[in-house]
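Chemist: Input model.pdb, format and content: PDB, C-alpha atoms.
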MODEL        1
ATOM      1  CA  MET Y   1     -78.596 -35.272 -21.871
ATOM      2  CA  TYR Y   2     -79.524 -36.722 -25.259
ATOM      3  CA  LEU Y   3     -81.535 -35.035 -28.024
ATOM      4  CA  LEU Y   4     -83.652 -37.577 -29.911
ATOM      5  CA  ILE Y   5     -85.271 -36.871 -33.286
ATOM      6  CA  ASP Y   6     -87.848 -39.156 -34.925
ATOM      7  CA  ILE Y   7     -88.510 -37.924 -38.470
ATOM      8  CA  GLY Y   8     -91.744 -39.357 -39.864
ATOM      9  CA  GLY Y   9     -93.344 -38.972 -43.255
ATOM     10  CA  THR Y  10     -95.955 -36.570 -41.859
ATOM     11  CA  LYS Y  11     -94.663 -35.461 -38.441
ATOM     12  CA  THR Y  12     -91.440 -35.170 -36.475
ATOM     13  CA  LEU Y  13     -91.202 -36.076 -32.796
ATOM     14  CA  LEU Y  14     -88.479 -34.472 -30.673
ATOM     15  CA  SER Y  15     -87.538 -35.658 -27.195
ATOM     16  CA  ILE Y  16     -84.891 -34.927 -24.621
ATOM     17  CA  ALA Y  17     -83.635 -37.662 -22.280
ATOM     18  CA  ASN Y  18     -81.380 -37.531 -19.261
ATOM     19  CA  ASN Y  19     -78.393 -39.785 -18.636
ATOM     20  CA  SER Y  20     -80.632 -42.321 -16.873
ATOM     21  CA  GLY Y  21     -82.771 -42.680 -19.992
ATOM     22  CA  ASP Y  22     -85.817 -40.804 -18.720
ATOM     23  CA  LEU Y  23     -87.712 -38.842 -21.380
ATOM     24  CA  LEU Y  24     -88.117 -35.373 -19.926
ATOM     25  CA  HIS Y  25     -89.946 -33.438 -22.632
ATOM     26  CA  SER Y  26     -91.316 -34.100 -26.123
ATOM     27  CA  VAL Y  27     -92.821 -31.999 -28.908
ATOM     28  CA  LYS Y  28     -94.228 -32.681 -32.375
ATOM     29  CA  PHE Y  29     -94.334 -30.624 -35.543
ATOM     30  CA  PRO Y  30     -95.190 -31.331 -39.202
ATOM     31  CA  THR Y  31     -92.454 -32.807 -41.405
ATOM     32  CA  LEU Y  32     -92.062 -30.409 -44.326
ATOM     33  CA  ALA Y  33     -91.462 -31.661 -47.855
ATOM     34  CA  ASP Y  34     -88.892 -28.951 -48.635
ATOM     35  CA  GLN Y  35     -85.552 -30.223 -47.330
ATOM     36  CA  LYS Y  36     -83.953 -26.839 -46.651
ATOM     37  CA  LEU Y  37     -87.073 -25.404 -45.049
ATOM     38  CA  TYR Y  38     -87.369 -28.514 -42.895
ATOM     39  CA  ALA Y  39     -83.790 -28.120 -41.633
ATOM     40  CA  LYS Y  40     -84.510 -24.495 -40.690
ATOM     41  CA  THR Y  41     -87.778 -25.445 -38.952
ATOM     42  CA  LEU Y  42     -86.153 -28.352 -37.110
ATOM     43  CA  LEU Y  43     -83.450 -26.112 -35.703
ATOM     44  CA  GLN Y  44     -86.021 -23.529 -34.660
ATOM     45  CA  GLN Y  45     -88.120 -26.162 -32.879
ATOM     46  CA  ILE Y  46     -85.089 -27.541 -31.059
ATOM     47  CA  ARG Y  47     -83.886 -24.141 -29.870
ATOM     48  CA  THR Y  48     -87.368 -23.043 -28.852
ATOM     49  CA  ASN Y  49     -88.300 -26.133 -26.861
ATOM     50  CA  PHE Y  50     -85.094 -27.466 -25.300
ATOM     51  CA  ALA Y  51     -82.170 -26.300 -23.203
ATOM     52  CA  LEU Y  52     -79.047 -27.332 -25.103
ATOM     53  CA  SER Y  53     -76.230 -26.597 -22.693
ATOM     54  CA  ASP Y  54     -75.631 -30.216 -21.670
ATOM     55  CA  ILE Y  55     -76.288 -32.288 -24.820
ATOM     56  CA  LYS Y  56     -73.898 -35.248 -25.031
ATOM     57  CA  ALA Y  57     -75.182 -36.566 -28.358
ATOM     58  CA  ILE Y  58     -77.998 -36.302 -30.881
ATOM     59  CA  SER Y  59     -79.693 -39.288 -32.479
ATOM     60  CA  VAL Y  60     -81.788 -38.942 -35.637
ATOM     61  CA  ALA Y  61     -84.160 -41.585 -36.995
ATOM     62  CA  ALA Y  62     -85.458 -41.301 -40.543
ATOM     63  CA  PRO Y  63     -87.568 -43.514 -42.823
ATOM     64  CA  GLY Y  64     -85.870 -44.651 -46.006
ATOM     65  CA  ILE Y  65     -82.239 -45.351 -46.819
ATOM     66  CA  VAL Y  66     -79.553 -44.182 -44.378
ATOM     67  CA  LYS Y  67     -75.896 -44.701 -45.357
ATOM     68  CA  ASN Y  68     -72.701 -43.333 -43.828
ATOM     69  CA  ASN Y  69     -74.662 -41.294 -41.301
ATOM     70  CA  LYS Y  70     -76.605 -39.503 -44.072
ATOM     71  CA  ILE Y  71     -80.200 -39.685 -45.258
ATOM     72  CA  GLN Y  72     -79.820 -40.817 -48.864
ATOM     73  CA  VAL Y  73     -83.524 -41.138 -49.671
ATOM     74  CA  LEU Y  74     -86.450 -40.393 -47.374
ATOM     75  CA  GLY Y  75     -89.544 -42.530 -47.794
ATOM     76  CA  ASN Y  76     -92.645 -40.581 -48.928
ATOM     77  CA  LEU Y  77     -90.784 -37.249 -49.229
ATOM     78  CA  PRO Y  78     -88.502 -35.897 -51.999
ATOM     79  CA  TRP Y  79     -85.386 -35.624 -49.807
ATOM     80  CA  LYS Y  80     -82.063 -36.804 -51.179
ATOM     81  CA  ASN Y  81     -78.502 -36.834 -49.837
ATOM     82  CA  PHE Y  82     -79.440 -34.931 -46.684
ATOM     83  CA  ASP Y  83     -76.399 -34.674 -44.407
ATOM     84  CA  ILE Y  84     -78.482 -33.817 -41.371
ATOM     85  CA  ALA Y  85     -75.704 -34.932 -39.008
ATOM     86  CA  ALA Y  86     -73.259 -32.359 -40.365
ATOM     87  CA  PHE Y  87     -75.979 -29.711 -40.245
ATOM     88  CA  LEU Y  88     -76.889 -30.361 -36.605
ATOM     89  CA  GLU Y  89     -73.289 -30.770 -35.490
ATOM     90  CA  GLY Y  90     -72.423 -27.453 -37.103
ATOM     91  CA  GLU Y  91     -75.369 -25.659 -35.498
ATOM     92  CA  LEU Y  92     -75.516 -27.344 -32.081
ATOM     93  CA  GLY Y  93     -71.993 -28.631 -31.551
ATOM     94  CA  ALA Y  94     -72.958 -32.154 -30.444
ATOM     95  CA  PRO Y  95     -72.040 -35.437 -32.180
ATOM     96  CA  THR Y  96     -74.992 -36.646 -34.240
ATOM     97  CA  TYR Y  97     -75.842 -40.214 -35.257
ATOM     98  CA  VAL Y  98     -78.365 -41.084 -37.974
ATOM     99  CA  GLU Y  99     -80.114 -44.411 -38.557
ATOM    100  CA  ASN Y 100     -83.239 -45.831 -40.185
ATOM    101  CA  ASP Y 101     -86.302 -45.328 -37.980
ATOM    102  CA  ALA Y 102     -87.661 -48.883 -38.169
ATOM    103  CA  ASN Y 103     -84.220 -50.277 -37.336
ATOM    104  CA  LEU Y 104     -84.119 -48.160 -34.194
ATOM    105  CA  ALA Y 105     -87.673 -49.058 -33.209
ATOM    106  CA  ALA Y 106     -86.780 -52.724 -33.674
ATOM    107  CA  LEU Y 107     -83.708 -52.237 -31.497
ATOM    108  CA  ALA Y 108     -85.829 -50.798 -28.681
ATOM    109  CA  GLU Y 109     -88.687 -53.280 -28.921
ATOM    110  CA  ALA Y 110     -86.418 -56.342 -29.189
ATOM    111  CA  LYS Y 111     -83.981 -55.360 -26.467
ATOM    112  CA  ARG Y 112     -83.031 -58.473 -24.431
ATOM    113  CA  LEU Y 113     -85.354 -60.725 -26.474
ATOM    114  CA  PRO Y 114     -83.843 -64.015 -27.684
ATOM    115  CA  GLY Y 115     -84.031 -65.202 -31.269
ATOM    116  CA  ARG Y 116     -85.202 -63.178 -34.244
ATOM    117  CA  THR Y 117     -87.584 -60.244 -33.905
ATOM    118  CA  ILE Y 118     -89.056 -58.330 -36.826
ATOM    119  CA  TYR Y 119     -90.539 -54.912 -36.179
ATOM    120  CA  LEU Y 120     -93.012 -53.510 -38.723
ATOM    121  CA  THR Y 121     -94.516 -50.042 -38.641
ATOM    122  CA  PHE Y 122     -97.760 -49.363 -40.497
ATOM    123  CA  SER Y 123     -97.921 -45.586 -40.702
ATOM    124  CA  THR Y 124     -97.433 -43.161 -43.612
ATOM    125  CA  GLY Y 125     -95.582 -46.056 -45.221
ATOM    126  CA  ILE Y 126     -94.437 -49.480 -44.045
ATOM    127  CA  GLY Y 127     -90.964 -49.824 -42.575
ATOM    128  CA  GLY Y 128     -89.231 -52.741 -40.941
ATOM    129  CA  GLY Y 129     -86.240 -53.762 -38.881
ATOM    130  CA  VAL Y 130     -84.674 -57.155 -38.103
ATOM    131  CA  VAL Y 131     -83.019 -57.896 -34.763
ATOM    132  CA  ASP Y 132     -81.272 -61.108 -33.735
ATOM    133  CA  ASP Y 133     -80.690 -61.647 -30.013
ATOM    134  CA  GLY Y 134     -81.038 -57.935 -29.305
ATOM    135  CA  LYS Y 135     -78.728 -56.725 -32.087
ATOM    136  CA  LEU Y 136     -79.533 -55.321 -35.514
ATOM    137  CA  ASN Y 137     -78.962 -57.813 -38.308
ATOM    138  CA  ALA Y 138     -76.505 -56.131 -40.702
ATOM    139  CA  LYS Y 139     -77.697 -58.259 -43.635
ATOM    140  CA  TYR Y 140     -81.138 -56.663 -43.386
ATOM    141  CA  HIS Y 141     -79.997 -53.142 -42.566
ATOM    142  CA  ASP Y 142     -81.834 -51.773 -45.603
ATOM    143  CA  PHE Y 143     -84.922 -53.922 -45.086
ATOM    144  CA  GLU Y 144     -87.648 -51.927 -46.874
ATOM    145  CA  PRO Y 145     -90.685 -54.259 -47.001
ATOM    146  CA  GLY Y 146     -93.143 -51.497 -47.850
ATOM    147  CA  HIS Y 147     -91.763 -51.125 -51.367
ATOM    148  CA  LYS Y 148     -92.305 -54.748 -52.389
ATOM    149  CA  ILE Y 149     -94.869 -55.155 -55.181
ATOM    150  CA  TYR Y 150     -97.966 -57.313 -54.673
ATOM    151  CA  SER Y 151    -101.163 -57.977 -56.574
ATOM    152  CA  TYR Y 152    -104.501 -57.083 -54.986
ATOM    153  CA  ASN Y 153    -107.757 -57.192 -56.948
ATOM    154  CA  ASP Y 154    -105.744 -57.711 -60.140
ATOM    155  CA  LYS Y 155    -103.759 -54.506 -59.596
ATOM    156  CA  GLN Y 156    -100.021 -54.285 -58.877
ATOM    157  CA  SER Y 157     -99.133 -51.994 -55.974
ATOM    158  CA  GLU Y 158     -96.427 -51.455 -53.384
ATOM    159  CA  TRP Y 159     -97.325 -53.057 -50.080
ATOM    160  CA  GLU Y 160     -97.384 -49.695 -48.280
ATOM    161  CA  ASP Y 161     -99.841 -48.288 -50.831
ATOM    162  CA  LEU Y 162    -102.195 -51.081 -49.807
ATOM    163  CA  ALA Y 163    -101.586 -51.797 -46.136
ATOM    164  CA  ALA Y 164    -100.103 -48.693 -44.487
ATOM    165  CA  ALA Y 165    -102.293 -46.436 -42.357
ATOM    166  CA  LYS Y 166    -102.114 -43.601 -44.898
ATOM    167  CA  PRO Y 167    -104.173 -45.150 -47.734
ATOM    168  CA  PHE Y 168    -106.958 -46.089 -45.295
ATOM    169  CA  ARG Y 169    -107.014 -42.594 -43.858
ATOM    170  CA  GLU Y 170    -107.156 -41.091 -47.349
ATOM    171  CA  ARG Y 171    -109.937 -43.454 -48.379
ATOM    172  CA  PHE Y 172    -112.150 -43.047 -45.307
ATOM    173  CA  GLY Y 173    -111.238 -39.471 -44.404
ATOM    174  CA  LYS Y 174    -110.500 -40.410 -40.790
ATOM    175  CA  TYR Y 175    -107.772 -41.926 -38.652
ATOM    176  CA  VAL Y 176    -107.617 -45.717 -38.874
ATOM    177  CA  GLN Y 177    -108.603 -46.158 -35.225
ATOM    178  CA  ASP Y 178    -111.870 -44.364 -35.987
ATOM    179  CA  ILE Y 179    -112.906 -46.710 -38.821
ATOM    180  CA  THR Y 180    -115.946 -48.684 -37.602
ATOM    181  CA  ASP Y 181    -116.721 -50.960 -40.570
ATOM    182  CA  LYS Y 182    -116.133 -54.497 -39.234
ATOM    183  CA  LYS Y 183    -115.713 -55.888 -42.737
ATOM    184  CA  VAL Y 184    -112.713 -53.619 -43.242
ATOM    185  CA  TRP Y 185    -111.100 -54.910 -40.025
ATOM    186  CA  HIS Y 186    -112.039 -58.577 -40.458
ATOM    187  CA  GLU Y 187    -111.444 -58.948 -44.201
ATOM    188  CA  GLU Y 188    -109.770 -56.115 -46.083
ATOM    189  CA  ILE Y 189    -107.048 -55.089 -43.625
ATOM    190  CA  PRO Y 190    -105.880 -58.639 -42.798
ATOM    191  CA  ALA Y 191    -105.937 -59.565 -46.491
ATOM    192  CA  LYS Y 192    -103.734 -56.600 -47.419
ATOM    193  CA  ILE Y 193    -101.346 -56.992 -44.494
ATOM    194  CA  SER Y 194    -100.975 -60.734 -45.157
ATOM    195  CA  LEU Y 195     -99.631 -60.028 -48.663
ATOM    196  CA  GLY Y 196     -96.322 -58.836 -47.242
ATOM    197  CA  LEU Y 197     -96.282 -60.869 -44.037
ATOM    198  CA  ILE Y 198     -96.474 -64.267 -45.730
ATOM    199  CA  PRO Y 199     -93.164 -63.920 -47.642
ATOM    200  CA  ILE Y 200     -91.500 -62.249 -44.631
ATOM    201  CA  ILE Y 201     -92.421 -65.160 -42.375
ATOM    202  CA  LYS Y 202     -91.502 -67.729 -45.002
ATOM    203  CA  GLU Y 203     -88.090 -66.246 -45.814
ATOM    204  CA  LEU Y 204     -86.887 -64.652 -42.569
ATOM    205  CA  LYS Y 205     -88.378 -67.160 -40.100
ATOM    206  CA  PRO Y 206     -88.916 -64.741 -37.187
ATOM    207  CA  ASP Y 207     -89.745 -65.867 -33.668
ATOM    208  CA  ARG Y 208     -92.003 -62.865 -33.235
ATOM    209  CA  ILE Y 209     -93.331 -59.882 -35.168
ATOM    210  CA  ILE Y 210     -93.969 -56.576 -33.406
ATOM    211  CA  PHE Y 211     -96.534 -54.226 -34.924
ATOM    212  CA  GLY Y 212     -96.100 -50.463 -34.663
ATOM    213  CA  GLY Y 213     -97.595 -47.359 -36.242
ATOM    214  CA  PRO Y 214    -101.270 -46.288 -36.191
ATOM    215  CA  LEU Y 215    -102.503 -49.423 -37.975
ATOM    216  CA  GLY Y 216    -100.142 -51.712 -36.075
ATOM    217  CA  PHE Y 217    -101.463 -50.423 -32.752
ATOM    218  CA  GLN Y 218    -104.913 -51.732 -33.799
ATOM    219  CA  LEU Y 219    -103.616 -55.309 -34.139
ATOM    220  CA  ASP Y 220    -106.172 -56.734 -31.702
ATOM    221  CA  ARG Y 221    -108.951 -55.789 -34.140
ATOM    222  CA  TYR Y 222    -107.617 -57.997 -36.947
ATOM    223  CA  ARG Y 223    -105.126 -60.411 -35.348
ATOM    224  CA  ALA Y 224    -107.331 -63.539 -35.567
ATOM    225  CA  PRO Y 225    -108.329 -63.241 -39.250
ATOM    226  CA  LEU Y 226    -104.762 -62.238 -40.158
ATOM    227  CA  ARG Y 227    -103.309 -65.341 -38.505
ATOM    228  CA  LYS Y 228    -105.936 -67.502 -40.190
ATOM    229  CA  ILE Y 229    -105.035 -66.212 -43.653
ATOM    230  CA  ILE Y 230    -101.309 -66.726 -43.032
ATOM    231  CA  GLN Y 231    -101.770 -70.190 -41.522
ATOM    232  CA  ASN Y 232    -103.812 -71.246 -44.570
ATOM    233  CA  ALA Y 233    -101.005 -69.998 -46.814
ATOM    234  CA  LEU Y 234     -98.314 -71.694 -44.710
ATOM    235  CA  PRO Y 235    -100.134 -74.806 -43.406
ATOM    236  CA  ASN Y 236     -97.026 -76.689 -42.278
ATOM    237  CA  LYS Y 237     -95.364 -73.814 -40.473
ATOM    238  CA  THR Y 238     -95.570 -72.716 -36.847
ATOM    239  CA  LEU Y 239     -96.307 -69.016 -37.022
ATOM    240  CA  PRO Y 240     -94.423 -66.395 -34.998
ATOM    241  CA  ARG Y 241     -96.207 -64.604 -32.188
ATOM    242  CA  PHE Y 242     -97.687 -61.200 -33.002
ATOM    243  CA  TYR Y 243     -97.312 -58.316 -30.530
ATOM    244  CA  ILE Y 244     -98.207 -54.625 -30.372
ATOM    245  CA  ALA Y 245     -95.206 -52.354 -29.813
ATOM    246  CA  LYS Y 246     -94.837 -51.810 -26.066
ATOM    247  CA  TYR Y 247     -93.428 -48.290 -26.447
ATOM    248  CA  ASN Y 248     -96.308 -47.215 -28.682
ATOM    249  CA  GLN Y 249     -95.445 -43.965 -30.506
ATOM    250  CA  PHE Y 250     -92.129 -43.747 -28.630
ATOM    251  CA  SER Y 251     -90.560 -46.949 -30.018
ATOM    252  CA  VAL Y 252     -88.344 -44.988 -32.404
ATOM    253  CA  ILE Y 253     -87.412 -42.451 -29.735
ATOM    254  CA  GLN Y 254     -86.414 -45.245 -27.355
ATOM    255  CA  GLY Y 255     -84.297 -46.732 -30.141
ATOM    256  CA  CYS Y 256     -82.722 -43.327 -30.732
ATOM    257  CA  LEU Y 257     -81.683 -43.238 -27.088
ATOM    258  CA  ILE Y 258     -80.119 -46.706 -27.223
ATOM    259  CA  TYR Y 259     -78.314 -45.803 -30.436
ATOM    260  CA  ALA Y 260     -77.078 -42.437 -29.154
ATOM    261  CA  LYS Y 261     -75.634 -44.012 -26.021
ATOM    262  CA  SER Y 262     -73.955 -46.891 -27.861
ATOM    263  CA  GLN Y 263     -72.452 -44.699 -30.597
ATOM    264  CA  HIS Y 264     -71.307 -42.002 -28.185
ATOM    265  CA  SER Y 265     -69.632 -44.468 -25.847
ATOM    266  CA  ALA Y 266     -67.949 -46.188 -28.808
TER     267      ALA Y 266
ENDMDL
END
For the file at hand, write its structure as structure tokens.

Modeler:
Amino acid sequence: MYLLIDIGGTKTLLSIANNSGDLLHSVKFPTLADQKLYAKTLLQQIRTNFALSDIKAISVAAPGIVKNNKIQVLGNLPWKNFDIAAFLEGELGAPTYVENDANLAALAEAKRLPGRTIYLTFSTGIGGGVVDDGKLNAKYHDFEPGHKIYSYNDKQSEWEDLAAAKPFRERFGKYVQDITDKKVWHEEIPAKISLGLIPIIKELKPDRIIFGGPLGFQLDRYRAPLRKIIQNALPNKTLPRFYIAKYNQFSVIQGCLIYAKSQHSA
């Protein structure tokens, strides 16, 4: 059995998978800003919801910078130098492997795909992962596209403060999928998303881009105007194909499973 932990900026998703890779049970709970309180709550949730007698390995996915199996900085929360692997190993006795969440989602979504795949999640923030021929590209391990600065309406902002799901939810007071204003979907959202996509396509030359997160799952509502903006900006370039993440909200969890198996066997 494998315990899989997807830490998001607003919620945490826990899943248990058997040796065949089947997800048997999943639960969600809010991600707390206080690092110590979060660790205590995480452990409580795990012990309450899962049988832990046959756990081979634990895989943890976290947004932000992950180095040496530790969360150095967590995107959108004030966590720093969080050795969650040591904590869980000490409490649960199973080897624990930590990696960036978008990297793991990219690993799952691009499994067995040829060429270069870029996975982007538009959620609380914007994260990304780069996979070449089914393997994570080490050069772009710390690919953090959401923190790039762009100008929109003469104001400088990080890409994720413009184009993630969170700022739209805060502005409209509803989940992005419930926004009905067609002008937002046909003009504003593609304009803001294109700010970061244009340089990514130009510099990294992906064969495909996979969209995840609440705003990414709505790709069909703005795909055409988004491609038009990018094609106008890159008139001599064949654009990559755009896809919605096939695993939906479980892309990171599926990546956790792949990572847990590979690290444990190694």

Chemist: What would the selection look like, as a PyMOL selection string, if the PyMOL selection byres ((chain Y and resi 199-210) around 9) were run on the coordinates I just shared?

Modeler: chain Y and resi 106+109-110+114-121+130+145+194-198+211-212+216+234+237+239-246

Chemist: Edge lengths and centre, in Å to one decimal, as AutoDock Vina command-line options: that's what I need for the box along x, y and z that holds all listed atoms of segment 111-129 of chain Y plus 8 Å on each side.

Modeler:
--center_x -90.5 --center_y -54.2 --center_z -34.8 --size_x 30.9 --size_y 38.0 --size_z 36.8

Chemist: How would you write, as a list in words, the residues chosen by the PyMOL selection byres ((chain Y and resi 54-60) around 7) on this structure?

Modeler: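 Output from the PyMOL selection byres ((chain Y and resi 54-60) around 7), applied to this file: Met1, Tyr2, Leu3, Leu4, Ile5, Asp6, Leu52, Ser53, Ala61, Ala62, Ala94, Pro95, Thr96, Tyr97, Val98, Glu99, Cys256, Leu257, Tyr259, Ala260 and His264 of chain Y.
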
Chemist: Which residues would end up in the selection if the PyMOL selection byres ((chain Y and resi 27) around 9) were applied here, given that I need the answer as a PyMOL selection string?

Modeler: chain Y and resi 12-15+25-26+28-29+45+49

Chemist: For a quick check of understanding, using all atoms listed in the file, which of Y:Gln249, Y:Lys139, Y:Leu92, Y:Ile7 has the smallest distance to Arg47 of chain Y?

Modeler: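 Counting all atoms listed in the file, the residue closest to Arg47 of chain Y is Y:Leu92.
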
Chemist: Just how far from atom CA of Arg112 of chain Y is atom CA of Gly134 of chain Y, in Å to one decimal?

Modeler: 5.3 Å

Chemist: Please list as a PDB file with C-alpha atoms, keeping the file's coordinate frame every residue within 10 Å of segment 75-78 of chain Y, counting all atoms listed in the file and excluding residues in the same chain fewer than 3 positions away.

Modeler:
ATOM      1  CA  GLY Y   8     -91.744 -39.357 -39.864  1.00  0.00           C
ATOM      2  CA  GLY Y   9     -93.344 -38.972 -43.255  1.00  0.00           C
ATOM      3  CA  THR Y  10     -95.955 -36.570 -41.859  1.00  0.00           C
ATOM      4  CA  THR Y  31     -92.454 -32.807 -41.405  1.00  0.00           C
ATOM      5  CA  LEU Y  32     -92.062 -30.409 -44.326  1.00  0.00           C
ATOM      6  CA  ALA Y  33     -91.462 -31.661 -47.855  1.00  0.00           C
ATOM      7  CA  ASP Y  34     -88.892 -28.951 -48.635  1.00  0.00           C
ATOM      8  CA  GLN Y  35     -85.552 -30.223 -47.330  1.00  0.00           C
ATOM      9  CA  ALA Y  62     -85.458 -41.301 -40.543  1.00  0.00           C
ATOM     10  CA  PRO Y  63     -87.568 -43.514 -42.823  1.00  0.00           C
ATOM     11  CA  GLY Y  64     -85.870 -44.651 -46.006  1.00  0.00           C
ATOM     12  CA  ILE Y  65     -82.239 -45.351 -46.819  1.00  0.00           C
ATOM     13  CA  GLN Y  72     -79.820 -40.817 -48.864  1.00  0.00           C
ATOM     14  CA  THR Y 124     -97.433 -43.161 -43.612  1.00  0.00           C
ATOM     15  CA  GLY Y 125     -95.582 -46.056 -45.221  1.00  0.00           C
ATOM     16  CA  ILE Y 126     -94.437 -49.480 -44.045  1.00  0.00           C
ATOM     17  CA  GLY Y 127     -90.964 -49.824 -42.575  1.00  0.00           C
ATOM     18  CA  GLU Y 144     -87.648 -51.927 -46.874  1.00  0.00           C
ATOM     19  CA  GLY Y 146     -93.143 -51.497 -47.850  1.00  0.00           C
ATOM     20  CA  HIS Y 147     -91.763 -51.125 -51.367  1.00  0.00           C
TER      21      HIS Y 147
END

Chemist: Can you pull out the residues contacting Tyr247 of chain Y? Cut-off 10 Å, using only C-alpha atoms, and skip same-chain residues under 4 positions away; I want them as a list in words.

Modeler: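 Near Tyr247 of chain Y, the qualifying residues are Ala105, Ala108, Glu109, Gly212, Ser251, Val252, Ile253, Gln254 and Gly255 of chain Y.
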
Chemist: Take the residues from that selection and write them out as a PDB file, in the coordinates of the input, keeping C-alpha atoms.

Modeler:
ATOM      1  CA  ALA Y 105     -87.673 -49.058 -33.209  1.00  0.00           C
ATOM      2  CA  ALA Y 108     -85.829 -50.798 -28.681  1.00  0.00           C
ATOM      3  CA  GLU Y 109     -88.687 -53.280 -28.921  1.00  0.00           C
ATOM      4  CA  GLY Y 212     -96.100 -50.463 -34.663  1.00  0.00           C
ATOM      5  CA  SER Y 251     -90.560 -46.949 -30.018  1.00  0.00           C
ATOM      6  CA  VAL Y 252     -88.344 -44.988 -32.404  1.00  0.00           C
ATOM      7  CA  ILE Y 253     -87.412 -42.451 -29.735  1.00  0.00           C
ATOM      8  CA  GLN Y 254     -86.414 -45.245 -27.355  1.00  0.00           C
ATOM      9  CA  GLY Y 255     -84.297 -46.732 -30.141  1.00  0.00           C
TER      10      GLY Y 255
END

Chemist: For atom CA of Gly128 of chain Y and atom CA of Ser262 of chain Y, determine how far apart the two atoms are, in Å to one decimal place.

Modeler: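 Atom-to-atom, atom CA of Gly128 of chain Y to atom CA of Ser262 of chain Y, that is 20.9 Å.
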
Chemist: Would you mind reading off the distance between atom CA of Gln177 of chain Y and atom CA of Phe217 of chain Y, one decimal, in Å?

Modeler: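 Result for atom CA of Gln177 of chain Y versus atom CA of Phe217 of chain Y: 8.7 Å, one decimal.
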
Chemist: So which residues touch Tyr222 of chain Y within 9 Å, counting only C-alpha atoms, skipping near sequence neighbours fewer than 2 positions away, as a list in words?

Modeler: Trp185, His186, Glu187, Ile189, Pro190, Gln218, Leu219, Asp220, Ala224, Pro225, Leu226 and Arg227 of chain Y

Chemist: Write the residues you've just listed into a file as a PDB file, in the frame of the given file, and include C-alpha atoms for each of them.

Modeler:
ATOM      1  CA  TRP Y 185    -111.100 -54.910 -40.025  1.00  0.00           C
ATOM      2  CA  HIS Y 186    -112.039 -58.577 -40.458  1.00  0.00           C
ATOM      3  CA  GLU Y 187    -111.444 -58.948 -44.201  1.00  0.00           C
ATOM      4  CA  ILE Y 189    -107.048 -55.089 -43.625  1.00  0.00           C
ATOM      5  CA  PRO Y 190    -105.880 -58.639 -42.798  1.00  0.00           C
ATOM      6  CA  GLN Y 218    -104.913 -51.732 -33.799  1.00  0.00           C
ATOM      7  CA  LEU Y 219    -103.616 -55.309 -34.139  1.00  0.00           C
ATOM      8  CA  ASP Y 220    -106.172 -56.734 -31.702  1.00  0.00           C
ATOM      9  CA  ALA Y 224    -107.331 -63.539 -35.567  1.00  0.00           C
ATOM     10  CA  PRO Y 225    -108.329 -63.241 -39.250  1.00  0.00           C
ATOM     11  CA  LEU Y 226    -104.762 -62.238 -40.158  1.00  0.00           C
ATOM     12  CA  ARG Y 227    -103.309 -65.341 -38.505  1.00  0.00           C
TER      13      ARG Y 227
END
